[in-house]
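Accompanying notes for the structure given below.
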There are 2 protein chains.
Amino acid sequence: MSVVHRILTGDRPTGPLHLGHYAGSLRSRVALQGAHHQTLLIADLQALTDNAGRPAHVAANVLEVALDYLAVGIDPDRTTIALQSQLPALADLATLYMNLVTVARLERNPTVKAEIEQRGFARDIPAGFLCYPVSQAADITAFRATLVPVGDDQVPMIEQTNEIVRRVNRLANADVLPECEALLSSTPRLPGVDGRKASKSAGNAITLGATPEEITAAVHSMYTDPGHVRASDPGRVEGNVVFAYLDAFDPDTTAVTDLKARYRHGGLGDMVLKRRLIDVLEIHIAPTRARRAQFAGNLDYVRAVVERGTAIARAISDETANDVRRRAFSLDSIAAA
Amino acid sequence: MSVVHRILTGDRPTGPLHLGHYAGSLRSRVALQGAHHQTLLIADLQALTDNAGRPAHVAANVLEVALDYLAVGIDPDRTTIALQSQLPALADLATLYMNLVTVARLERNPTVKAEIEQRGFARDIPAGFLCYPVSQAADITAFRATLVPVGDDQVPMIEQTNEIVRRVNRLANADVLPECEALLSSTPRLPGVDGRKASKSAGNAITLGATPEEITAAVHSMYTDPGHVRASDPGRVEGNVVFAYLDAFDPDTTAVTDLKARYRHGGLGDMVLKRRLIDVLEIHIAPTRARRAQFAGNLDYVRAVVERGTAIARAISDETANDVRRRAFSLDSIAAA
């Protein structure tokens, strides 16, 4: 990519980030910063769409996510870190966009459908949850983002955003907003230690600042191949969580390829593999853990980073909202009425 | 009512207001001002929920509605006139409340159901339209309104608002917001000249500043009793639009009662009645028409009224939104995180 993009991405502050986030997104954000205008949104409002009953939990995790960003190497001089709830333009744009999207269209959204099922909402979906593609479109367009890093399950969100962009531009009869494209991660999703989807709430993930003891315990509990009883038995690599983590974090890919062959053939025990993974993860995590502890000892600095980023994001998003209000919805100031 | 209430009400700027608005709400607003804290919201954002395709039409009617208010005697020193789209706290509160209301609950709302049918939306309801009870709850609670003048078809909106109020107060574990009650109009709904529902768009209404010629033409076209062919025939009073307007505007109620008896008995022609109504309406409308023309010649003053009211409303609604954000949703400033 030689084009300079505006990138919008972020995380819901519902718990500490984990290695799955690192492999799937944080690593590439560190790589993208500097070459592109990147904004990371700590999405506390979006977190409330399915955590309305525990707002204190969401609030408590705002600075945790900021700490995670700084710890993995996000540079606040090159990436804007902003707090969603402090950007009034986002609710403003979402309210306007709600008039451009039908309920039927939202109900057809495959991502929303899947997440409704996953969360067991059935008929009791909060309206905010059904409408969250509209809020995401507000977030993305507020920064006139042209590139949005997403998992492949989130591609329908980008399509929904671009439908709204086209409606807005048609209403304004001008290119007020740019369309955006998905930046799909090439990394397969990192599973939880039990082989299921890693999640903050399921407790099956390794946090970015895990202690050596936590790393060891997590790796020892990792799901491998239940059919691989003795070291001499042939073992399965696919679905084996230890190999998934080695693929994601072991810098010596040749050695990992070799280990896979030996494991498949028989003669390589789980403990050997797990000891290697423990070393790999400790080497990977140690500097993050140290930086995280350092920033955690200076929360005033972390707050200042988020405040500064939020002020920058506020100026940008306010400008976009005013533009959309005026040009697509004829919502000018009273003086112009 | 010896209690001083905070009253919130308003109108969608989709066309000039008409005599139905006067009989149903404007007259009582003029009576209520002074004794209560009254805010009138020119609901341009709500108008967009089913006018997204014609924002310029909505924008063009903002000052028309303000003119109508001033013309009928709303006193901007005693009533706050504010423009909805210039109050960011409303979208902010609506976004938060969206997490407290399920889609199923919105779909069950009888007012929404009826209006969806009336507008012929079927499955293509804009999300903003389905969610407009949530926006109304945001409007009402932003002003901590305790009394909301509504038609009986709007009572479910008050119930929805109070459900949200109770959820917010439960989340905050404190009485952050007051519940509100409906102020039902004792006046029956004034029909359009053709006997159907009066509406700005159907063109069957008499505007507040109608000219003598418009009044005469409208009264002449009024639906009476198709069975009442000759003056000597007995006629029906019920469903007779001329009597509906005499009931609403003729100050001599004894004379109207007498006319009804004569009409029922037979011997009273439609033209006699209609001439009386033309006189009654001209006497009623003339001062409004004159004031409206006067204010229309000084739009800078009208703009200033709306700007001043909007500034007052902004301070109040921002304060409420900050209170709700902080106490019910733990959305404090970053510095407090």
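In the structure tokens, chains take letters A, B, ... by order of appearance, with residues numbered from 1 within each chain and ligands from 1 in the order shown.
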> Excluding same-chain residues fewer than 6 positions from region 263-275 of chain B, what lies within 6 Å of it counting only C-alpha atoms, as a list in words?
Replying inline: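 Near neighbours after the sequence-gap exclusion: Ala231, Ser232, Asp233, Pro234, Gly235 and Arg236 of chain B.
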> Quick one: distance from CA of Thr79 (chain A) to CA of His284 (chain A) in Å, one decimal?
Replying inline: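 Separation of CA of Thr79 (chain A) and CA of His284 (chain A): 22.3 Å.
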>> Can you pull out the residues contacting Asp194 (chain A)? Cut-off 10 Å, using only C-alpha atoms, and skip same-chain residues under 5 positions away; I want them as a ChimeraX atom specification.
In response: /A:203-205,218-219,221-224,240-241
Residues within 9 Å of region 30-32 of chain A, please, as a JSON list (two decimals) with C-alpha atoms, in the first residue's frame. Count only C-alpha atoms; anything in the same chain fewer than 5 positions from it doesn't count.
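Written file, out_15.json:
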```
[["chain", "number", "residue", "atom", "x", "y", "z"],
["A", 7, "ILE", "CA", -7.68, 3.77, 9.39],
["A", 25, "SER", "CA", -4.92, -6.94, 15.16],
["A", 37, "HIS", "CA", -3.47, 8.07, 9.87],
["A", 38, "GLN", "CA", -4.67, 5.58, 12.44],
["A", 72, "VAL", "CA", 2.35, -3.43, 22.82],
["A", 73, "GLY", "CA", 3.99, -0.41, 21.25],
["A", 74, "ILE", "CA", 1.19, 1.81, 19.98],
["A", 75, "ASP", "CA", 2.84, 5.23, 19.79],
["A", 79, "THR", "CA", -1.75, 6.85, 16.47]]
```
> B:Val134, B:Met157, B:Leu190, B:Leu67: which is nearest chain A, counting only C-alpha atoms?
Replying inline: B:Val134
> Near Leu183 (chain B), within 7 Å and counting only C-alpha atoms, which residues show up once chain neighbours fewer than 4 positions away are dropped, as a list in words?
Replying inline: Leu147, Val148, Pro149 and Val150 of chain B
Write the selection just made, keeping C-alpha atoms, as a PDB file, in the first residue's frame?
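Full text of selection-v2.pdb as output:
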```
ATOM      1  CA  LEU B 147     -46.105  16.703  32.258  1.00  0.00           C
ATOM      2  CA  VAL B 148     -46.397  15.915  28.559  1.00  0.00           C
ATOM      3  CA  PRO B 149     -49.437  17.091  26.595  1.00  0.00           C
ATOM      4  CA  VAL B 150     -50.412  14.280  24.217  1.00  0.00           C
TER       5      VAL B 150
END
```
> To one decimal place, how far is CA of Ile215 (chain B) from CA of Leu40 (chain B) in Å?
Replying inline: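 That distance, rounded to one decimal, is 27.4 Å.
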> Among region 63-281 of chain A, which ones does DSSP place in strand (DSSP E or B), written as a ChimeraX atom specification?
Replying inline: /A:79-83,102,126,147-150,181-184,191,197,207
>> Just to confirm, what's the straight-line distance from CA of Ile81 (chain A) to CA of Arg303 (chain A) in Å (one decimal)?
In response: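 Calculated distance between CA of Ile81 (chain A) and CA of Arg303 (chain A) is 10.5 Å.
Proximity to chain A was assessed for B:Val155, B:Ala59, B:Leu299, B:Ala261 counting only C-alpha atoms; the smallest distance is recorded for B:Ala59.
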